[in-house]
file final06.tsv (TSV, C-alpha atoms and all ligand atoms)
chain	number	residue	atom	x	y	z
A	22	MET	CA	-30.97	47.68	5.80
A	23	ARG	CA	-30.08	44.66	7.86
A	24	ALA	CA	-32.03	41.42	7.38
A	25	ASP	CA	-31.67	38.72	10.02
A	26	LEU	CA	-32.56	35.30	8.61
A	27	LEU	CA	-33.59	32.02	10.22
A	28	LEU	CA	-33.22	28.99	7.92
A	29	ILE	CA	-35.70	26.18	8.70
A	30	GLY	CA	-34.32	23.35	6.55
A	31	PHE	CA	-30.71	23.21	5.41
A	32	GLY	CA	-30.83	20.63	2.62
A	33	ASN	CA	-29.96	21.09	-1.05
A	34	VAL	CA	-32.00	24.28	-1.48
A	35	GLY	CA	-31.20	25.83	1.92
A	36	ARG	CA	-27.45	25.31	1.46
A	37	ARG	CA	-27.43	26.62	-2.12
A	38	PHE	CA	-29.33	29.69	-0.86
A	39	ALA	CA	-26.77	30.28	1.92
A	40	ARG	CA	-23.95	30.18	-0.66
A	41	LEU	CA	-25.85	32.40	-3.10
A	42	LEU	CA	-26.24	35.05	-0.39
A	43	GLU	CA	-22.44	35.17	-0.10
A	44	GLU	CA	-21.92	35.17	-3.88
A	45	ARG	CA	-24.34	38.10	-4.25
A	46	ARG	CA	-23.39	39.94	-1.04
A	47	ASP	CA	-21.83	42.98	-2.77
A	48	ARG	CA	-24.67	43.25	-5.28
A	49	LEU	CA	-27.33	43.04	-2.56
A	50	SER	CA	-25.57	45.76	-0.62
A	51	HIS	CA	-24.86	48.03	-3.59
A	52	ASP	CA	-28.12	47.64	-5.52
A	53	TYR	CA	-30.64	47.14	-2.71
A	54	ASP	CA	-28.93	48.38	0.46
A	55	LEU	CA	-29.54	44.90	1.86
A	56	ASP	CA	-27.16	43.36	4.40
A	57	THR	CA	-28.16	39.77	5.22
A	58	ARG	CA	-27.08	37.82	8.28
A	59	ILE	CA	-28.04	34.18	8.98
A	60	VAL	CA	-28.68	34.08	12.72
A	61	GLY	CA	-30.15	30.58	12.94
A	62	ILE	CA	-30.36	27.25	11.12
A	63	THR	CA	-32.53	24.31	12.12
A	64	THR	CA	-33.02	20.86	10.57
A	65	ARG	CA	-35.00	17.71	11.31
A	66	SER	CA	-32.16	15.31	12.15
A	67	HIS	CA	-28.97	17.41	11.98
A	68	GLY	CA	-29.59	19.66	14.99
A	69	ALA	CA	-29.73	23.44	15.14
A	70	VAL	CA	-27.56	26.49	15.72
A	71	PHE	CA	-28.52	30.04	16.73
A	72	SER	CA	-26.44	33.15	17.38
A	73	PRO	CA	-27.96	36.67	17.51
A	74	SER	CA	-24.73	38.05	16.04
A	75	GLY	CA	-24.78	35.61	13.10
A	76	VAL	CA	-23.85	31.94	12.83
A	77	ASN	CA	-20.68	30.70	11.17
A	78	VAL	CA	-22.28	29.65	7.87
A	79	GLU	CA	-19.12	28.08	6.40
A	80	GLU	CA	-18.71	25.86	9.43
A	81	SER	CA	-22.41	24.89	9.29
A	82	LEU	CA	-22.09	23.94	5.61
A	83	VAL	CA	-19.06	21.78	6.35
A	84	ARG	CA	-20.77	20.10	9.30
A	85	ILE	CA	-23.92	19.21	7.33
A	86	GLU	CA	-21.94	17.97	4.35
A	87	ARG	CA	-19.99	15.69	6.72
A	88	GLU	CA	-23.35	14.50	8.11
A	89	SER	CA	-22.51	15.85	11.58
A	90	SER	CA	-24.83	17.86	13.80
A	91	LEU	CA	-25.06	21.65	13.78
A	92	GLY	CA	-25.71	21.65	17.53
A	93	THR	CA	-28.40	20.85	20.08
A	94	PRO	CA	-31.78	20.37	18.36
A	95	GLN	CA	-34.31	23.09	19.11
A	96	PRO	CA	-38.00	23.35	18.18
A	97	ALA	CA	-38.55	25.60	15.18
A	98	ALA	CA	-41.11	27.63	17.18
A	99	ARG	CA	-38.48	28.52	19.80
A	100	MET	CA	-36.02	29.61	17.13
A	101	ILE	CA	-38.70	31.78	15.49
A	102	ASP	CA	-39.28	33.44	18.88
A	103	ALA	CA	-35.52	34.06	19.12
A	104	LEU	CA	-35.50	35.62	15.62
A	105	ALA	CA	-38.43	37.83	16.62
A	106	GLU	CA	-36.25	39.34	19.40
A	107	SER	CA	-33.81	40.70	16.82
A	108	ASP	CA	-33.75	44.48	16.37
A	109	ALA	CA	-33.02	44.14	12.62
A	110	PRO	CA	-35.57	46.00	10.46
A	111	MET	CA	-36.09	42.81	8.41
A	112	ARG	CA	-36.55	39.48	10.21
A	113	VAL	CA	-37.20	36.70	7.71
A	114	VAL	CA	-37.81	32.96	8.07
A	115	ILE	CA	-36.52	31.01	5.06
A	116	GLU	CA	-38.53	27.76	5.01
A	117	THR	CA	-37.10	24.90	2.90
A	118	THR	CA	-38.34	21.76	4.62
A	119	THR	CA	-39.62	18.76	2.66
A	120	LEU	CA	-43.16	18.63	1.28
A	121	ASN	CA	-45.62	16.60	3.34
A	122	ILE	CA	-48.31	15.68	0.82
A	123	GLU	CA	-50.72	14.51	3.56
A	124	ASP	CA	-51.47	17.96	4.94
A	125	GLY	CA	-48.56	20.33	4.27
A	126	ARG	CA	-47.39	20.24	7.89
A	127	PRO	CA	-45.16	21.23	9.63
A	128	ALA	CA	-44.27	23.82	6.94
A	129	ILE	CA	-47.67	25.51	7.39
A	130	ALA	CA	-47.05	25.76	11.13
A	131	HIS	CA	-43.61	27.28	10.45
A	132	VAL	CA	-45.16	29.95	8.20
A	133	GLU	CA	-47.94	30.64	10.70
A	134	SER	CA	-45.55	30.95	13.67
A	135	ALA	CA	-43.26	33.26	11.69
A	136	LEU	CA	-46.10	35.61	10.70
A	137	GLU	CA	-47.56	35.59	14.20
A	138	ALA	CA	-44.14	36.58	15.53
A	139	ASN	CA	-44.17	39.53	13.07
A	140	CYS	CA	-41.48	38.02	10.86
A	141	ASP	CA	-41.70	37.80	7.06
A	142	VAL	CA	-41.51	34.36	5.51
A	143	VAL	CA	-40.17	33.00	2.23
A	144	THR	CA	-40.53	29.34	1.28
A	145	ALA	CA	-39.69	26.99	-1.60
A	146	ASN	CA	-42.01	24.37	-0.10
A	147	LYS	CA	-45.25	23.90	-2.07
A	148	GLY	CA	-47.20	22.85	1.04
A	149	PRO	CA	-48.18	26.24	2.49
A	150	ALA	CA	-49.57	27.71	-0.78
A	151	ALA	CA	-51.04	24.36	-1.88
A	152	PHE	CA	-52.86	23.62	1.39
A	153	ALA	CA	-53.45	26.91	3.20
A	154	TYR	CA	-52.85	29.88	0.91
A	155	ALA	CA	-55.96	31.92	1.75
A	156	ARG	CA	-55.48	31.62	5.52
A	157	LEU	CA	-51.74	32.36	5.45
A	158	ASP	CA	-52.14	35.26	3.02
A	159	ALA	CA	-54.83	36.77	5.26
A	160	LEU	CA	-52.59	36.34	8.31
A	161	ALA	CA	-49.68	38.01	6.49
A	162	HIS	CA	-51.91	40.97	5.57
A	163	ALA	CA	-53.24	41.25	9.12
A	164	ARG	CA	-49.67	41.35	10.47
A	165	GLY	CA	-48.32	43.63	7.75
A	166	ARG	CA	-45.79	40.93	6.80
A	167	GLU	CA	-44.90	39.10	3.59
A	168	PHE	CA	-45.58	35.43	2.76
A	169	LEU	CA	-43.77	34.67	-0.53
A	170	PHE	CA	-43.15	31.33	-2.29
A	171	GLU	CA	-41.82	31.95	-5.82
A	172	GLY	CA	-39.65	28.78	-5.65
A	173	ALA	CA	-42.65	26.50	-5.13
A	174	VAL	CA	-43.48	26.25	-8.86
A	175	MET	CA	-40.98	26.18	-11.76
A	176	ASP	CA	-37.97	26.91	-9.51
A	177	GLY	CA	-36.79	30.50	-10.00
A	178	ILE	CA	-38.78	31.28	-13.14
A	179	PRO	CA	-41.16	34.06	-12.09
A	180	VAL	CA	-44.71	32.77	-12.18
A	181	PHE	CA	-46.38	34.30	-9.13
A	182	ASN	CA	-44.28	37.48	-9.36
A	183	LEU	CA	-45.02	37.78	-13.08
A	184	VAL	CA	-48.75	37.88	-12.45
A	185	ARG	CA	-48.61	39.90	-9.23
A	186	GLU	CA	-46.12	42.53	-10.39
A	187	THR	CA	-46.63	42.80	-14.14
A	188	MET	CA	-50.27	41.92	-14.87
A	189	PRO	CA	-52.27	44.37	-12.78
A	190	ALA	CA	-56.05	44.12	-13.28
A	191	VAL	CA	-55.70	40.97	-15.38
A	192	THR	CA	-57.87	37.96	-14.44
A	193	VAL	CA	-56.35	34.50	-14.82
A	194	ARG	CA	-59.20	32.30	-16.09
A	195	GLY	CA	-57.31	29.02	-16.25
A	196	PHE	CA	-53.95	27.41	-16.90
A	197	ARG	CA	-52.37	24.31	-18.36
A	198	GLY	CA	-48.79	23.21	-18.10
A	199	VAL	CA	-46.11	20.59	-17.69
A	200	VAL	CA	-44.73	21.34	-14.23
A	201	ASN	CA	-42.94	18.14	-13.13
A	202	SER	CA	-39.52	17.46	-14.65
A	203	THR	CA	-39.12	13.84	-13.51
A	204	THR	CA	-42.25	12.61	-15.26
A	205	ASN	CA	-41.45	14.63	-18.38
A	206	HIS	CA	-38.00	13.05	-18.40
A	207	ILE	CA	-39.54	9.57	-18.15
A	208	ILE	CA	-41.95	10.33	-21.01
A	209	SER	CA	-39.03	11.56	-23.17
A	210	ALA	CA	-37.15	8.32	-22.44
A	211	LEU	CA	-40.24	6.30	-23.42
A	212	GLU	CA	-40.46	8.30	-26.66
A	213	ASP	CA	-36.83	7.31	-27.30
A	214	GLY	CA	-37.75	3.63	-27.01
A	215	GLU	CA	-36.86	2.84	-23.38
A	216	THR	CA	-39.34	0.85	-21.29
A	217	PHE	CA	-40.93	2.25	-18.12
A	218	ALA	CA	-39.06	0.41	-15.34
A	219	PRO	CA	-35.52	0.94	-16.76
A	220	ALA	CA	-36.36	4.58	-17.64
A	221	LEU	CA	-37.45	5.23	-14.04
A	222	ALA	CA	-34.43	3.35	-12.65
A	223	ARG	CA	-32.13	5.50	-14.79
A	224	MET	CA	-33.82	8.71	-13.53
A	225	GLN	CA	-33.20	7.51	-9.96
A	226	ALA	CA	-29.57	6.60	-10.70
A	227	GLU	CA	-28.98	10.05	-12.23
A	228	GLY	CA	-30.56	11.72	-9.17
A	229	ILE	CA	-33.42	13.20	-11.22
A	230	ALA	CA	-36.15	11.11	-9.54
A	231	GLU	CA	-36.27	10.62	-5.78
A	232	ALA	CA	-35.23	7.26	-4.29
A	233	ASP	CA	-38.99	6.98	-3.58
A	234	PRO	CA	-40.29	8.47	-6.84
A	235	SER	CA	-44.00	8.06	-6.05
A	236	LEU	CA	-44.49	11.78	-5.30
A	237	ASP	CA	-43.47	12.55	-8.89
A	238	VAL	CA	-44.71	9.45	-10.75
A	239	ASP	CA	-48.14	9.36	-9.10
A	240	GLY	CA	-48.66	13.03	-9.95
A	241	TRP	CA	-48.62	14.36	-6.37
A	242	ASP	CA	-45.88	16.94	-6.99
A	243	ALA	CA	-47.77	18.26	-10.04
A	244	ALA	CA	-51.03	18.23	-8.03
A	245	ALA	CA	-49.40	20.30	-5.26
A	246	LYS	CA	-48.15	22.79	-7.84
A	247	ALA	CA	-51.55	22.91	-9.57
A	248	SER	CA	-53.23	23.50	-6.21
A	249	ALA	CA	-50.80	26.33	-5.34
A	250	LEU	CA	-51.32	27.95	-8.78
A	251	ALA	CA	-55.12	27.66	-8.54
A	252	ASN	CA	-55.18	29.03	-4.98
A	253	VAL	CA	-52.90	31.99	-5.68
A	254	LEU	CA	-53.91	32.95	-9.23
A	255	MET	CA	-57.60	31.95	-9.14
A	256	ASN	CA	-58.67	32.13	-5.44
A	257	ALA	CA	-59.52	28.43	-5.57
A	258	ASN	CA	-59.13	27.54	-1.89
A	259	ILE	CA	-58.37	23.87	-2.61
A	260	THR	CA	-55.73	21.35	-1.50
A	261	PRO	CA	-53.77	18.85	-3.62
A	262	HIS	CA	-56.33	16.23	-2.54
A	263	ASP	CA	-59.02	18.14	-4.49
A	264	VAL	CA	-57.02	17.81	-7.71
A	265	LEU	CA	-58.31	15.03	-10.03
A	266	ARG	CA	-55.04	13.14	-10.36
A	267	THR	CA	-53.78	10.38	-12.63
A	268	GLY	CA	-50.05	9.68	-12.65
A	269	LEU	CA	-47.84	7.54	-14.86
A	270	ASP	CA	-47.63	3.74	-14.74
A	271	THR	CA	-46.48	0.88	-16.91
A	272	SER	CA	-49.44	1.51	-19.29
A	273	THR	CA	-47.88	4.91	-20.11
A	274	GLU	CA	-45.25	3.09	-22.19
A	275	PHE	CA	-47.88	1.97	-24.73
A	276	ALA	CA	-49.80	5.29	-24.56
A	277	VAL	CA	-46.63	7.27	-25.41
A	278	GLN	CA	-45.88	5.12	-28.48
A	279	ASP	CA	-49.55	5.04	-29.49
A	280	ALA	CA	-49.75	8.86	-29.41
A	281	MET	CA	-46.55	9.09	-31.47
A	282	SER	CA	-47.98	6.72	-34.09
A	283	ARG	CA	-50.68	9.36	-34.70
A	284	GLY	CA	-48.15	12.21	-34.85
A	285	ASN	CA	-49.17	13.31	-31.33
A	286	ARG	CA	-47.36	13.49	-27.98
A	287	LEU	CA	-48.34	12.33	-24.50
A	288	ARG	CA	-47.58	14.77	-21.67
A	289	LEU	CA	-48.47	14.86	-17.95
A	290	VAL	CA	-50.57	18.01	-17.96
A	291	ALA	CA	-51.69	20.03	-14.93
A	292	SER	CA	-54.64	22.25	-15.71
A	293	ALA	CA	-57.40	24.40	-14.23
A	294	THR	CA	-60.60	25.21	-16.10
A	295	ARG	CA	-64.17	26.23	-15.28
A	296	ASP	CA	-66.92	23.76	-16.17
A	297	GLY	CA	-70.30	24.79	-17.63
A	298	ASP	CA	-71.58	25.72	-14.13
A	299	GLY	CA	-68.56	27.89	-13.42
A	300	ASN	CA	-66.99	25.39	-11.00
A	301	LEU	CA	-63.21	25.20	-11.06
A	302	VAL	CA	-61.85	21.80	-12.11
A	303	VAL	CA	-58.17	21.18	-11.44
A	304	THR	CA	-56.61	18.05	-12.93
A	305	VAL	CA	-53.28	16.32	-13.41
A	306	LYS	CA	-53.33	13.59	-16.02
A	307	PRO	CA	-51.52	12.23	-19.07
A	308	GLU	CA	-52.99	13.93	-22.15
A	309	GLU	CA	-52.45	13.22	-25.81
A	310	LEU	CA	-51.59	16.53	-27.50
A	311	PRO	CA	-51.16	17.45	-31.15
A	312	GLY	CA	-47.50	17.82	-32.09
A	313	THR	CA	-48.09	21.56	-32.65
A	314	ASP	CA	-49.08	22.17	-28.99
A	315	VAL	CA	-46.47	24.18	-27.03
A	316	LEU	CA	-46.52	21.50	-24.33
A	317	ALA	CA	-45.91	18.72	-26.88
A	318	GLY	CA	-42.49	20.20	-27.68
A	319	LEU	CA	-41.24	19.90	-24.08
A	320	ARG	CA	-38.58	17.21	-23.61
A	321	GLY	CA	-36.53	16.11	-20.64
A	322	MET	CA	-36.31	18.68	-17.86
A	323	ALA	CA	-38.25	21.37	-19.76
A	324	ASN	CA	-41.40	22.78	-18.14
A	325	ALA	CA	-43.96	25.27	-19.40
A	326	LEU	CA	-47.07	26.94	-18.07
A	327	ILE	CA	-49.74	28.59	-20.20
A	328	LEU	CA	-51.91	31.13	-18.38
A	329	GLN	CA	-55.31	31.86	-19.91
A	330	THR	CA	-56.17	35.47	-19.15
A	331	ASP	CA	-59.00	37.89	-19.93
A	332	LEU	CA	-56.91	40.82	-21.21
A	333	LEU	CA	-53.66	39.25	-22.46
A	334	GLY	CA	-54.98	36.08	-24.07
A	335	GLU	CA	-52.66	33.13	-23.49
A	336	VAL	CA	-49.29	33.85	-21.87
A	337	ALA	CA	-46.73	31.01	-22.00
A	338	ILE	CA	-43.83	30.73	-19.55
A	339	HIS	CA	-41.19	28.30	-20.74
A	340	GLN	CA	-38.38	26.90	-18.57
A	341	LEU	CA	-35.77	25.04	-20.60
A	342	SER	CA	-34.20	23.33	-17.58
A	343	GLY	CA	-34.42	23.73	-13.83
A	344	SER	CA	-31.59	23.81	-11.29
A	345	LEU	CA	-30.88	24.16	-7.62
A	346	THR	CA	-29.44	27.61	-8.27
A	347	GLN	CA	-32.72	28.69	-9.85
A	348	THR	CA	-34.68	27.54	-6.78
A	349	ALA	CA	-32.21	29.29	-4.46
A	350	TYR	CA	-32.56	32.39	-6.63
A	351	ALA	CA	-36.35	32.27	-6.13
A	352	LEU	CA	-35.73	32.64	-2.39
A	353	LEU	CA	-33.29	35.48	-3.03
A	354	SER	CA	-35.72	37.28	-5.34
A	355	ASP	CA	-38.47	37.00	-2.70
A	356	LEU	CA	-36.06	38.46	-0.14
A	357	ILE	CA	-35.38	41.40	-2.46
A	358	SER	CA	-39.16	41.84	-2.95
A	359	ILE	CA	-39.52	42.19	0.82
A	360	ARG	CA	-36.67	44.74	0.91
A	361	ARG	CA	-38.35	46.80	-1.85
A	362	ARG	CA	-41.66	46.82	0.00
A	363	ARG	CA	-39.92	48.03	3.15
A	364	ALA	CA	-38.43	50.95	1.26
B	1	LIG	N1	-34.46	20.54	-4.94
B	1	LIG	C1	-35.06	21.33	-5.80
B	1	LIG	O1	-34.56	21.55	-6.91
B	1	LIG	C2	-36.37	22.01	-5.45
B	1	LIG	C3	-37.01	22.81	-6.40
B	1	LIG	C4	-38.17	23.50	-6.05
B	1	LIG	C5	-38.70	23.35	-4.78
B	1	LIG	N2	-38.08	22.51	-3.86
B	1	LIG	C6	-38.67	22.38	-2.54
B	1	LIG	O2	-37.76	22.94	-1.58
B	1	LIG	C7	-37.83	22.22	-0.35
B	1	LIG	C8	-36.42	21.75	0.02
B	1	LIG	O3	-35.92	20.89	-0.98
B	1	LIG	P1	-34.48	20.23	-0.79
B	1	LIG	O4	-34.14	19.62	-2.10
B	1	LIG	O5	-33.55	21.21	-0.16
B	1	LIG	O6	-34.82	19.08	0.27
B	1	LIG	P2	-33.77	18.31	1.22
B	1	LIG	O7	-32.41	18.33	0.61
B	1	LIG	O8	-34.42	17.02	1.54
B	1	LIG	O9	-33.70	19.23	2.54
B	1	LIG	C9	-34.78	19.37	3.40
B	1	LIG	C10	-34.28	20.05	4.67
B	1	LIG	O10	-35.39	20.27	5.53
B	1	LIG	C11	-35.07	19.74	6.82
B	1	LIG	N3	-36.33	19.38	7.47
B	1	LIG	C12	-37.26	18.49	7.08
B	1	LIG	N4	-38.29	18.49	7.94
B	1	LIG	C13	-38.00	19.41	8.89
B	1	LIG	C14	-38.66	19.88	10.05
B	1	LIG	N5	-39.84	19.37	10.41
B	1	LIG	N6	-38.07	20.85	10.80
B	1	LIG	C15	-36.87	21.35	10.44
B	1	LIG	N7	-36.20	20.95	9.35
B	1	LIG	C16	-36.76	19.99	8.59
B	1	LIG	C17	-34.16	18.58	6.54
B	1	LIG	O11	-33.42	18.24	7.70
B	1	LIG	P3	-32.64	16.80	7.79
B	1	LIG	O12	-31.69	16.77	6.63
B	1	LIG	O13	-31.96	16.85	9.09
B	1	LIG	O14	-33.72	15.75	7.67
B	1	LIG	C18	-33.28	19.21	5.46
B	1	LIG	O15	-32.34	20.07	6.04
B	1	LIG	C19	-38.82	21.07	-0.58
B	1	LIG	O16	-40.09	21.41	-0.09
B	1	LIG	C20	-38.84	20.92	-2.10
B	1	LIG	O17	-40.07	20.40	-2.56
B	1	LIG	C21	-36.93	21.86	-4.18

call {"tool": "encode", "arguments": {"input": "final06.tsv", "output": "structure tokens", "more": "lines below"}}
Ligand SMILES: NC(=O)c1ccc[n+]([C@@H]2O[C@H](COP(=O)([O-])OP(=O)(O)OC[C@H]3O[C@@H](n4cnc5c(N)ncnc54)[C@H](OP(=O)(O)O)[C@@H]3O)[C@@H](O)[C@H]2O)c1
result
Amino acid sequence: MRADLLLIGFGNVGRRFARLLEERRDRLSHDYDLDTRIVGITTRSHGAVFSPSGVNVEESLVRIERESSLGTPQPAARMIDALAESDAPMRVVIETTTLNIEDGRPAIAHVESALEANCDVVTANKGPAAFAYARLDALAHARGREFLFEGAVMDGIPVFNLVRETMPAVTVRGFRGVVNSTTNHIISALEDGETFAPALARMQAEGIAEADPSLDVDGWDAAAKASALANVLMNANITPHDVLRTGLDTSTEFAVQDAMSRGNRLRLVASATRDGDGNLVVTVKPEELPGTDVLAGLRGMANALILQTDLLGEVAIHQLSGSLTQTAYALLSDLISIRRRRA
């Protein structure tokens, strides 16, 4: 089955995904009868390219890596309309633009336009599920299309797929986890005796933290992930701005050492629980945990999520380290999910 793809965003994740498609081309064809063709790529400041017979992906990769333009810029909406004209049985928008923590736009608009044009959509951007899951999921159902986002939380480690595909009739009652690698890395460095400012500067120098690390350090990235998890797994209908959020700051340095002096560990924990009245409370905050807690053992880039369920008790998902390939794989696995559902 042929799948024509439009890539909105061609940064680290989008480019790794394009390469992964080539690396797995034979496997996709042999195991899933899936023949992918990238017919369009659009970016914010590096132009766009579209060809109904398939763009030259190698040339596009070289152009972007040399910081040159792909071609004349085109609005994403126009390129989605062009994809919708394709006669391929699968027409999929692959959305990998940057997270806008204000309101999740324009990624939400990209997802909406794709579904309205009867295309499926796969994204690694947290924004759509964190800000507008219920609406976009309803739109996807109404159109008979897929809206999938496995890469939004814990890279390629299956979180949403695990629950959706392998836990039928199970209710997720809550969760707690360490879901941001940069802050966990900083906390590990503080445990090793570094001070906050040099630890953060080292994370930036090593490319682990962003040049502007506030999204990670202030807890916004974790809040967006917590919001997406609560919306998808617990029908919460919240946004990251509803998450009670405390990030890290220079006082964390003392708190980390103080916790260690008691044999405990400080971790930036994202959690969702019901209060006495049954209201969902979603938080991101540094928490002092006993050394025996699964989350206390996470160092550096390690993440883990513990789902509290009614039938399976607590289920822990542990990611030892994340990578770009894992995030690109999340997009690929979502694409294969769409192919299976078309079968
Ligand atoms: N990197 C990871 O390991 C990882 C892991 C999990 C999830 N994610 C998520 O995946 C997404 C992509 O991450 P990344 O590391 O690939 O980011 P990136 O390297 O900054 O790339 C972002 C891409 O999106 C394009 N873009 C931004 N706004 C756009 C718009 N309005 N219309 C069209 N294109 C737009 C950018 O174009 P220009 O370059 O021209 O500005 C660039 O091509 C993010 O939402 C991120 O949170 C990343």

call {"tool": "residues_around", "arguments": {"input": "final06.tsv", "residues": "A:Ser342", "least_positions_apart": "4", "cutoff": "9 Å", "atoms": "all atoms listed in the file", "output": "VMD selection string"}}
result
chain A and resid 202 321 to 324

call {"tool": "write_last_selection", "arguments": {"input": "final06.tsv", "atoms": "C-alpha atoms", "output": "short mmCIF file (atom, residue, chain, number, x, y, z; two decimals), in the coordinates of the input"}}
result
data_model
loop_
_atom_site.label_atom_id
_atom_site.label_comp_id
_atom_site.auth_asym_id
_atom_site.auth_seq_id
_atom_site.Cartn_x
_atom_site.Cartn_y
_atom_site.Cartn_z
CA SER A 202 -39.52 17.46 -14.65
CA GLY A 321 -36.53 16.11 -20.64
CA MET A 322 -36.31 18.68 -17.86
CA ALA A 323 -38.25 21.37 -19.76
CA ASN A 324 -41.40 22.78 -18.14
#

call {"tool": "closest_residue", "arguments": {"input": "final06.tsv", "among": "A:Phe168, A:Phe275, A:Tyr350, A:Phe196", "to": "ligand LIG 1 (chain B)", "atoms": "all atoms listed in the file"}}
result
A:Tyr350

call {"tool": "closest_residue", "arguments": {"input": "final06.tsv", "among": "A:Ala128, A:Leu332, A:Ala39, A:Leu301", "to": "A:Ala151", "atoms": "all atoms listed in the file"}}
result
A:Ala128

call {"tool": "closest_residue", "arguments": {"input": "final06.tsv", "among": "A:Arg40, A:Arg126, A:Arg46, A:Arg84", "to": "ligand LIG 1 (chain B)", "atoms": "all atoms listed in the file"}}
result
A:Arg126

call {"tool": "atom_distance", "arguments": {"input": "final06.tsv", "atom1": "atom CA of A:Val113", "atom2": "atom CA of A:Cys140"}}
result
5.5 Å

call {"tool": "residues_near_ligand", "arguments": {"input": "final06.tsv", "ligand": "ligand LIG 1 (chain B)", "cutoff": "7 Å", "atoms": "all atoms listed in the file", "output": "compact mmCIF listing (two decimals) with C-alpha atoms, in the coordinates of the input"}}
result
# COMPACT_ATOMS: atom_id res chain seq x y z
CA ILE A 29 -35.70 26.18 8.70
CA GLY A 30 -34.32 23.35 6.55
CA PHE A 31 -30.71 23.21 5.41
CA GLY A 32 -30.83 20.63 2.62
CA ASN A 33 -29.96 21.09 -1.05
CA VAL A 34 -32.00 24.28 -1.48
CA GLY A 35 -31.20 25.83 1.92
CA THR A 63 -32.53 24.31 12.12
CA THR A 64 -33.02 20.86 10.57
CA ARG A 65 -35.00 17.71 11.31
CA SER A 66 -32.16 15.31 12.15
CA HIS A 67 -28.97 17.41 11.98
CA GLY A 68 -29.59 19.66 14.99
CA ALA A 97 -38.55 25.60 15.18
CA THR A 117 -37.10 24.90 2.90
CA THR A 118 -38.34 21.76 4.62
CA THR A 119 -39.62 18.76 2.66
CA LEU A 120 -43.16 18.63 1.28
CA PRO A 127 -45.16 21.23 9.63
CA ALA A 145 -39.69 26.99 -1.60
CA ASN A 146 -42.01 24.37 -0.10
CA LYS A 147 -45.25 23.90 -2.07
CA GLY A 172 -39.65 28.78 -5.65
CA ALA A 173 -42.65 26.50 -5.13
CA VAL A 174 -43.48 26.25 -8.86
CA MET A 175 -40.98 26.18 -11.76
CA ASP A 176 -37.97 26.91 -9.51
CA SER A 344 -31.59 23.81 -11.29
CA LEU A 345 -30.88 24.16 -7.62
CA THR A 348 -34.68 27.54 -6.78

call {"tool": "closest_residue", "arguments": {"input": "final06.tsv", "among": "A:Asn300, A:Asn201, A:Thr330, A:Thr93", "to": "A:Ala257", "atoms": "all atoms listed in the file"}}
result
A:Asn300

call {"tool": "residues_around", "arguments": {"input": "final06.tsv", "residues": "stretch 98-108 of chain A", "least_positions_apart": "4", "cutoff": "9 Å", "atoms": "all atoms listed in the file", "output": "mmCIF file with C-alpha atoms, keeping the file's coordinate frame"}}
result
data_model
loop_
_atom_site.group_PDB
_atom_site.id
_atom_site.type_symbol
_atom_site.label_atom_id
_atom_site.label_comp_id
_atom_site.auth_asym_id
_atom_site.auth_seq_id
_atom_site.Cartn_x
_atom_site.Cartn_y
_atom_site.Cartn_z
ATOM 1 C CA ASP A 25 -31.670 38.720 10.020
ATOM 2 C CA LEU A 26 -32.560 35.300 8.610
ATOM 3 C CA LEU A 27 -33.590 32.020 10.220
ATOM 4 C CA VAL A 60 -28.680 34.080 12.720
ATOM 5 C CA GLY A 61 -30.150 30.580 12.940
ATOM 6 C CA ILE A 62 -30.360 27.250 11.120
ATOM 7 C CA THR A 63 -32.530 24.310 12.120
ATOM 8 C CA PHE A 71 -28.520 30.040 16.730
ATOM 9 C CA PRO A 73 -27.960 36.670 17.510
ATOM 10 C CA ARG A 112 -36.550 39.480 10.210
ATOM 11 C CA VAL A 113 -37.200 36.700 7.710
ATOM 12 C CA VAL A 114 -37.810 32.960 8.070
ATOM 13 C CA ALA A 130 -47.050 25.760 11.130
ATOM 14 C CA HIS A 131 -43.610 27.280 10.450
ATOM 15 C CA SER A 134 -45.550 30.950 13.670
ATOM 16 C CA ALA A 135 -43.260 33.260 11.690
ATOM 17 C CA ALA A 138 -44.140 36.580 15.530
ATOM 18 C CA ASN A 139 -44.170 39.530 13.070
ATOM 19 C CA CYS A 140 -41.480 38.020 10.860
#

call {"tool": "atom_distance", "arguments": {"input": "final06.tsv", "atom1": "atom CA of A:Ala317", "atom2": "atom CA of A:Ala150"}}
result
27.8 Å

call {"tool": "atom_distance", "arguments": {"input": "final06.tsv", "atom1": "atom CA of A:Val302", "atom2": "atom CA of A:Ile208"}}
result
24.6 Å

call {"tool": "closest_residue", "arguments": {"input": "final06.tsv", "among": "A:Ala249, A:Leu136, A:Val70, A:Ile178", "to": "A:Gln347", "atoms": "only C-alpha atoms"}}
result
A:Ile178

call {"tool": "closest_residue", "arguments": {"input": "final06.tsv", "among": "A:Leu319, A:Ala351, A:Arg166, A:Gly312", "to": "A:Ser282", "atoms": "all atoms listed in the file"}}
result
A:Gly312

call {"tool": "closest_atom_pairs", "arguments": {"input": "final06.tsv", "of": "stretch 98-166 of chain A", "to": "stretch 262-271 of chain A", "cutoff": "12 Å", "atoms": "only C-alpha atoms", "output": "Markdown table"}}
result
| residue | atom | partner | partner_atom | distance |
| --- | --- | --- | --- | --- |
| A:Ile122 | CA | A:His262 | CA | 8.7 |
| A:Glu123 | CA | A:His262 | CA | 8.5 |
| A:Asp124 | CA | A:His262 | CA | 9.1 |
| A:Gly125 | CA | A:His262 | CA | 11.1 |
| A:Gly148 | CA | A:His262 | CA | 11.8 |
| A:Ala151 | CA | A:His262 | CA | 9.7 |
| A:Phe152 | CA | A:His262 | CA | 9.1 |
